[in-house]
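Q: Got a file for you: work24.cif, mmCIF, C-alpha atoms.
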data_entry
#
loop_
_atom_site.group_PDB
_atom_site.id
_atom_site.type_symbol
_atom_site.label_atom_id
_atom_site.label_comp_id
_atom_site.auth_asym_id
_atom_site.auth_seq_id
_atom_site.Cartn_x
_atom_site.Cartn_y
_atom_site.Cartn_z
ATOM 1 C CA MET A 1 83.591 99.714 100.429
ATOM 2 C CA PHE A 2 82.030 99.165 103.850
ATOM 3 C CA THR A 3 82.236 101.762 106.605
ATOM 4 C CA ILE A 4 82.101 100.927 110.312
ATOM 5 C CA ASP A 5 81.037 103.991 112.337
ATOM 6 C CA ILE A 6 81.571 103.972 116.105
ATOM 7 C CA ILE A 7 79.413 106.418 118.035
ATOM 8 C CA LEU A 8 80.784 107.638 121.354
ATOM 9 C CA LYS A 9 78.884 108.568 124.510
ATOM 10 C CA SER A 10 78.512 112.264 125.340
ATOM 11 C CA THR A 11 79.726 113.448 121.938
ATOM 12 C CA SER A 12 78.298 113.807 118.463
ATOM 13 C CA VAL A 13 81.586 112.778 116.860
ATOM 14 C CA SER A 14 81.760 109.341 115.290
ATOM 15 C CA LEU A 15 84.900 107.377 114.520
ATOM 16 C CA SER A 16 84.992 105.373 111.308
ATOM 17 C CA VAL A 17 87.137 102.819 109.541
ATOM 18 C CA GLN A 18 86.580 101.148 106.207
ATOM 19 C CA ARG A 19 86.851 97.623 104.883
ATOM 20 C CA LYS A 20 86.771 96.454 101.274
ATOM 21 C CA LEU A 21 84.911 93.213 101.929
ATOM 22 C CA GLU A 22 81.624 92.677 103.728
ATOM 23 C CA ALA A 23 83.062 89.749 105.703
ATOM 24 C CA ASP A 24 85.917 91.947 106.962
ATOM 25 C CA ALA A 25 83.438 94.677 107.969
ATOM 26 C CA GLU A 26 81.386 92.081 109.852
ATOM 27 C CA THR A 27 84.535 90.929 111.673
ATOM 28 C CA VAL A 28 85.270 94.485 112.838
ATOM 29 C CA TYR A 29 81.612 94.907 113.877
ATOM 30 C CA GLN A 30 81.853 91.740 115.987
ATOM 31 C CA GLN A 31 85.138 92.940 117.554
ATOM 32 C CA VAL A 32 83.429 96.181 118.604
ATOM 33 C CA MET A 33 80.378 94.316 119.932
ATOM 34 C CA ASP A 34 82.596 91.937 121.922
ATOM 35 C CA ALA A 35 84.461 94.917 123.410
ATOM 36 C CA ILE A 36 81.149 96.556 124.397
ATOM 37 C CA ARG A 37 79.939 93.340 126.034
ATOM 38 C CA ALA A 38 83.171 92.783 127.980
ATOM 39 C CA SER A 39 82.837 93.239 131.727
ATOM 40 C CA GLN A 40 86.049 95.285 131.954
ATOM 41 C CA PRO A 41 86.714 98.349 129.759
ATOM 42 C CA GLN A 42 89.407 97.744 127.177
ATOM 43 C CA ILE A 43 91.144 99.725 124.484
ATOM 44 C CA LEU A 44 89.931 98.851 121.006
ATOM 45 C CA GLN A 45 92.450 99.627 118.245
ATOM 46 C CA LEU A 46 91.343 99.727 114.609
ATOM 47 C CA THR A 47 92.945 100.625 111.291
ATOM 48 C CA CYS A 48 91.383 101.653 107.988
ATOM 49 C CA GLU A 49 91.875 99.738 104.728
ATOM 50 C CA LYS A 50 91.133 102.785 102.572
ATOM 51 C CA ASN A 51 93.679 104.938 104.423
ATOM 52 C CA PRO A 52 96.223 102.525 105.992
ATOM 53 C CA GLU A 53 97.873 105.348 107.946
ATOM 54 C CA LYS A 54 94.553 106.037 109.731
ATOM 55 C CA LYS A 55 94.489 104.444 113.181
ATOM 56 C CA VAL A 56 91.865 104.756 115.891
ATOM 57 C CA ALA A 57 91.909 103.689 119.542
ATOM 58 C CA VAL A 58 88.869 103.988 121.777
ATOM 59 C CA LEU A 59 87.982 102.869 125.283
ATOM 60 C CA SER A 60 85.197 100.284 124.961
ATOM 61 C CA SER A 61 83.178 101.738 127.850
ATOM 62 C CA GLU A 62 82.772 104.988 125.849
ATOM 63 C CA ILE A 63 81.094 103.333 122.836
ATOM 64 C CA SER A 64 77.327 103.785 122.614
ATOM 65 C CA ALA A 65 76.659 102.393 119.115
ATOM 66 C CA VAL A 66 78.255 100.821 116.065
ATOM 67 C CA VAL A 67 76.914 101.023 112.511
ATOM 68 C CA VAL A 68 78.030 99.129 109.407
ATOM 69 C CA SER A 69 77.042 100.558 106.036
ATOM 70 C CA GLN A 70 78.023 100.115 102.438
ATOM 71 C CA LYS A 71 79.283 103.240 100.717
ATOM 72 C CA SER A 72 79.249 103.551 96.959
ATOM 73 C CA GLY A 73 80.894 106.381 95.055
ATOM 74 C CA ALA A 74 77.558 107.738 93.803
ATOM 75 C CA SER A 75 75.748 107.716 97.144
ATOM 76 C CA ALA A 76 78.491 108.771 99.568
ATOM 77 C CA THR A 77 77.219 111.982 101.140
ATOM 78 C CA GLY A 78 79.411 112.165 104.230
ATOM 79 C CA ARG A 79 76.506 111.397 106.543
ATOM 80 C CA SER A 80 76.108 108.268 108.612
ATOM 81 C CA PRO A 81 72.990 106.292 107.717
ATOM 82 C CA GLY A 82 70.449 105.794 110.469
ATOM 83 C CA PHE A 83 71.238 109.001 112.344
ATOM 84 C CA VAL A 84 69.222 112.193 112.135
ATOM 85 C CA THR A 85 70.414 115.737 112.663
ATOM 86 C CA LEU A 86 67.801 118.109 114.061
ATOM 87 C CA THR A 87 67.971 121.879 114.192
ATOM 88 C CA ALA A 88 65.927 124.108 116.442
ATOM 89 C CA ALA A 89 63.307 126.303 114.779
ATOM 90 C CA GLU A 90 63.329 129.970 115.717
#
Take the structure from the file and write it as structure tokens.

A:
Amino acid sequence: MFTIDIILKSTSVSLSVQRKLEADAETVYQQVMDAIRASQPQILQLTCEKNPEKKVAVLSSEISAVVVSQKSGASATGRSPGFVTLTAAE
């Protein structure tokens, strides 16, 4: 299973959808990249293959990053790869 995480500007919340095949995940990644590159903001609508009832719509001008990662049952920790969470020391 491949997860496509969309990181939004001004928020720590990420939106994610999943695809079973790597080629399908790459297609979604390219759709998001094309929406980011577009000169006019547009609404990007995505669905999830793992949970078909899950739907997401986001304004392309609010996207700051997109990450594609492969999730396996043994290594799925609920954290997005490539992003670090820091806490302040007292």

Q: Enter the distance from atom CA of Lys20 of chain A to atom CA of Glu62 of chain A, in Å, rounded to one decimal.

A: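 Distance between the two atoms: 26.3 Å.
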
Q: I'd like the neighbourhood of Asn51 of chain A as a ChimeraX atom specification, where a residue qualifies if any of its atoms comes within 12 Å (using all atoms listed in the file), though same-chain residues fewer than 6 positions away should be ignored.

A: /A:16-20

Q: Just the number, please: distance in Å from atom CA of Gln42 of chain A to atom CA of Ala25 of chain A, one decimal.

A: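 About the pair atom CA of Gln42 of chain A and atom CA of Ala25 of chain A: they are 20.3 Å apart.
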
Q: May I have the protein, DNA and RNA residues with any atom at most 12 Å from the point (79.3, 93.5, 111.3), counting only C-alpha atoms, written as a list of chain:residue names?

A: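 So the residues meeting the distance criterion are A:Phe2, A:Thr3, A:Ile4, A:Asp5, A:Ile6, A:Gln18, A:Arg19, A:Leu21, A:Glu22, A:Ala23, A:Asp24, A:Ala25, A:Glu26, A:Thr27, A:Val28, A:Tyr29, A:Gln30, A:Gln31, A:Val32, A:Met33, A:Asp34, A:Val66, A:Val67, A:Val68, A:Ser69, A:Gln70.
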
Q: Selected by the PyMOL selection byres ((chain A and resi 43) around 8) in the shown coordinates: which residues, as a ChimeraX atom specification?

A: /A:41-42,44-45,57-60

Q: Could you pull the residues within 6 Å of Ile7 of chain A, counting all atoms listed in the file, minus those fewer than 4 positions along the same chain, as a PyMOL selection string?

A: chain A and resi 14+63-65

Q: Please produce a file of those selected residues containing C-alpha atoms, as a PDB file, in the coordinates of the input.

A:
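Output file result.pdb is given in full below:
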ATOM      1  CA  SER A  14      81.760 109.341 115.290  1.00  0.00           C
ATOM      2  CA  ILE A  63      81.094 103.333 122.836  1.00  0.00           C
ATOM      3  CA  SER A  64      77.327 103.785 122.614  1.00  0.00           C
ATOM      4  CA  ALA A  65      76.659 102.393 119.115  1.00  0.00           C
TER       5      ALA A  65
END

Q: Can you measure atom CA of Glu53 of chain A to atom CA of Met1 of chain A for me? One decimal in Å is fine.

A: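 One can read the atom CA of Glu53 of chain A to atom CA of Met1 of chain A distance as 17.1 Å.
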